[in-house]
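The structure appears below as structure tokens.
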Amino acid sequence: MNTFAIEQRRNADLPRTSAPLIRGWLALLSLDLKRGGGFWMVPGAVVFAWLNLRNALTPGVAIWSEITNAIANMAIPLILLAVGVGAYAGGRERRRAVGELATTGAVVAWKRYLSLTASIFAWTIALYAIIALPLLTYGTIRATWGGPELGVLLVPVPIMALAAAFGVLTGRVVGGKTAPIIAIAAFMLAFFLFPAGVLDTPLLSVISLNVWYEPVVENAPERPVGAWAQAAWGIGLTGLLLGTSIRMESRSRIAAFVAVVSAVLTIGGAYQVMGADYRPVTMSGPRNLMDIPRGTCDESAEIVVCTHPAYERMLPDLASDVRAYLAPIGGLEGVVDRVYVSSGNGGGGGWSQETGHAVTALDLSMQRLSAKELIAEQLWPLSFMMANERANPVQYVVMTALVRNIGVEEWPEWFHRIPANAETLEDAVDRFAALAPDDQRAWLDANWDDLMYGRVTVEDLP
């Protein structure tokens, strides 16, 4: 028996197994993880993480809703990076060299496409986890209330796989240096603009899956549709794209099965999402609150300061600032004696002229202002609203002098209580600020009624 016949019989006696095929594909995946282009996502992810996180979290306190929102927002640039880098990797010319290396093995063309897609997806998930895990750890250690909204964090994951598959496929079809631009534009058109604009269903738009979510702790919007439905939508789109792409190169039953199952998932998920009939709503205006929640309170002084439990780590500093600011006018008519600080409460307040009781609720979700600036602006005595003019010069002088006690040196330019002649009042502000606290209080006690109704002039100031 010749050598060829012996070899044939030996091969026939070997058990048939897919292990060599799997090992070959894993070897190719390992190569793509190193050289497939995923590393080029790192610089972009670093830049976007810095832009996203620099103003996303309230200093000094860990709020789960803010942490969840910050992580979810990072998914958007990572998805677009996956599309662009995937298109670059799929279309670059030197990819042919990798294909030639694999040609001698038992790896067909669609498996090489799947390998490159998996490598881009793995890089995207790794970067998402690198950003998410420290923030989740920070929240676990520091947060005093609530927990992360896991559905918000997980629904972008299938979209990352969709982005990687779409980018690589577009790169293979288009090729050339313009492939990333074309891929991103086509992805945005097909999966963002079309669902949101044409279908008028923002929750089907892969960039707007979490558009309903707000980083607040009170009056938070409820999830309009189950996370599982949005996940099914993303998984279905990904499987449909992969299955169709594989089917174009291989008439295997597996490809057809993947496409059919994915189509069912896509239709089912879309049906559930569209059934929610979600429409974005704007936050309601300030509420007129006379009875505000107690929360966690500091009652050690005349002015009681309370916070939602999520903000209790900020309570000592908030109470100190409120009292330092209002101490010279504490107990006078229209000056708040109870302050409640939270986010999502819409702000507002109330004042009873009969009892002299005044309360104010502050909303820290207004990111345009720091806590000190919000205290300075929102804790003007409610009785000053009775003045004949909104921007009363004497009231402006008094409150500008007092707010310096908490380190606020100037008001926002748009603040409606800044008089037109504010620049000429700096000397008056300096003089009043230089008075001893007892002298300030004595003048305010003697002139408070006239100050409320705008019957004093700058010349009457000490």
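The chains in the structure tokens are called A, B, ... from first to last as shown; in each chain the residues are counted from 1, and the ligands are counted from 1 in the order shown.
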Q | DSSP strand (DSSP E) residues within region 186-388 of chain A, as JSON, numbers by chain | A | {"A": [296, 297, 298, 304, 305, 306, 307, 338, 339, 340, 341, 342, 348, 349, 350, 351, 358, 359, 360, 361, 362, 363]}
Q: Measuring atom to atom with only C-alpha atoms, identify which of A:Leu444, A:Val42, A:Trp50, A:Val173 is nearest to Ile125 (chain A).
A: A:Val42
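Nearest to Ala387 (chain A) of all the residues A:Arg92, A:Val211, A:Met452, A:Leu33 is A:Met452, counting only C-alpha atoms.
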Env of Ala301 (chain A): 12 Å cut, atoms = only C-alpha atoms, seq-sep filter 2 positions within chain, self excluded. Answer as a PDB file with C-alpha atoms, in the first residue's frame.
```pdb
ATOM      1  CA  CYS A 297     -31.994  68.004  57.796  1.00  0.00           C
ATOM      2  CA  ASP A 298     -29.655  70.222  59.777  1.00  0.00           C
ATOM      3  CA  GLU A 299     -31.824  71.899  62.418  1.00  0.00           C
ATOM      4  CA  ILE A 303     -32.710  78.456  59.273  1.00  0.00           C
ATOM      5  CA  VAL A 304     -33.356  74.728  58.761  1.00  0.00           C
ATOM      6  CA  VAL A 305     -31.560  73.243  55.756  1.00  0.00           C
ATOM      7  CA  ALA A 319     -26.148  74.604  55.544  1.00  0.00           C
ATOM      8  CA  SER A 320     -23.034  76.666  56.196  1.00  0.00           C
ATOM      9  CA  VAL A 322     -27.185  79.261  53.463  1.00  0.00           C
ATOM     10  CA  ARG A 323     -26.692  80.556  57.003  1.00  0.00           C
ATOM     11  CA  ALA A 324     -23.608  82.632  56.198  1.00  0.00           C
ATOM     12  CA  LEU A 326     -28.841  84.891  55.238  1.00  0.00           C
ATOM     13  CA  ALA A 327     -27.617  85.390  58.816  1.00  0.00           C
ATOM     14  CA  GLY A 330     -32.626  85.890  59.266  1.00  0.00           C
ATOM     15  CA  GLY A 331     -36.096  86.152  60.790  1.00  0.00           C
ATOM     16  CA  ASP A 337     -36.512  79.791  57.359  1.00  0.00           C
ATOM     17  CA  ARG A 338     -36.440  76.419  55.646  1.00  0.00           C
TER      18      ARG A 338
END
```
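Minimum atom-to-atom distances from A:Ala186, A:Ala87, A:Ala196, A:Val157 to Trp233 (chain A) were compared using only C-alpha atoms, and the lowest value belongs to A:Val157.
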Q: Find the residue from A:Arg441, A:Gly151, A:Val168, A:Asp427 that sits nearest to Arg223 (chain A); use only C-alpha atoms when measuring.
A: A:Gly151
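The environment of region 339-346 of chain A within 6 Å, counting only C-alpha atoms and disregarding residues fewer than 2 places along the same chain, consists of A:Val216, A:Val217, A:Glu218, A:Asn219, A:Pro286, A:Val305, A:Cys306, A:Thr307, A:His308, A:Val359, A:Thr360, A:Ala361, A:Leu362, A:Asp363, A:Leu364, A:Ser365.
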Closest atom pairs, residues of region 214-313 of chain A within 10 Å of region 163-167 of chain A, only C-alpha atoms, as JSON lines:
```
{"residue": "A:Thr238", "atom": "CA", "partner": "A:Ala165", "partner_atom": "CA", "distance": 7.2}
{"residue": "A:Gly239", "atom": "CA", "partner": "A:Ala165", "partner_atom": "CA", "distance": 9.3}
{"residue": "A:Leu241", "atom": "CA", "partner": "A:Ala165", "partner_atom": "CA", "distance": 7.3}
{"residue": "A:Leu242", "atom": "CA", "partner": "A:Ala165", "partner_atom": "CA", "distance": 6.9}
{"residue": "A:Ser245", "atom": "CA", "partner": "A:Ala165", "partner_atom": "CA", "distance": 9.5}
```
Q: Find the residue from A:Leu451, A:Ala231, A:Ala143, A:Leu203 that sits nearest to Pro156 (chain A); use only C-alpha atoms when measuring.
A: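 Once distances to Pro156 (chain A) are computed over only C-alpha atoms, the minimum belongs to A:Ala231.
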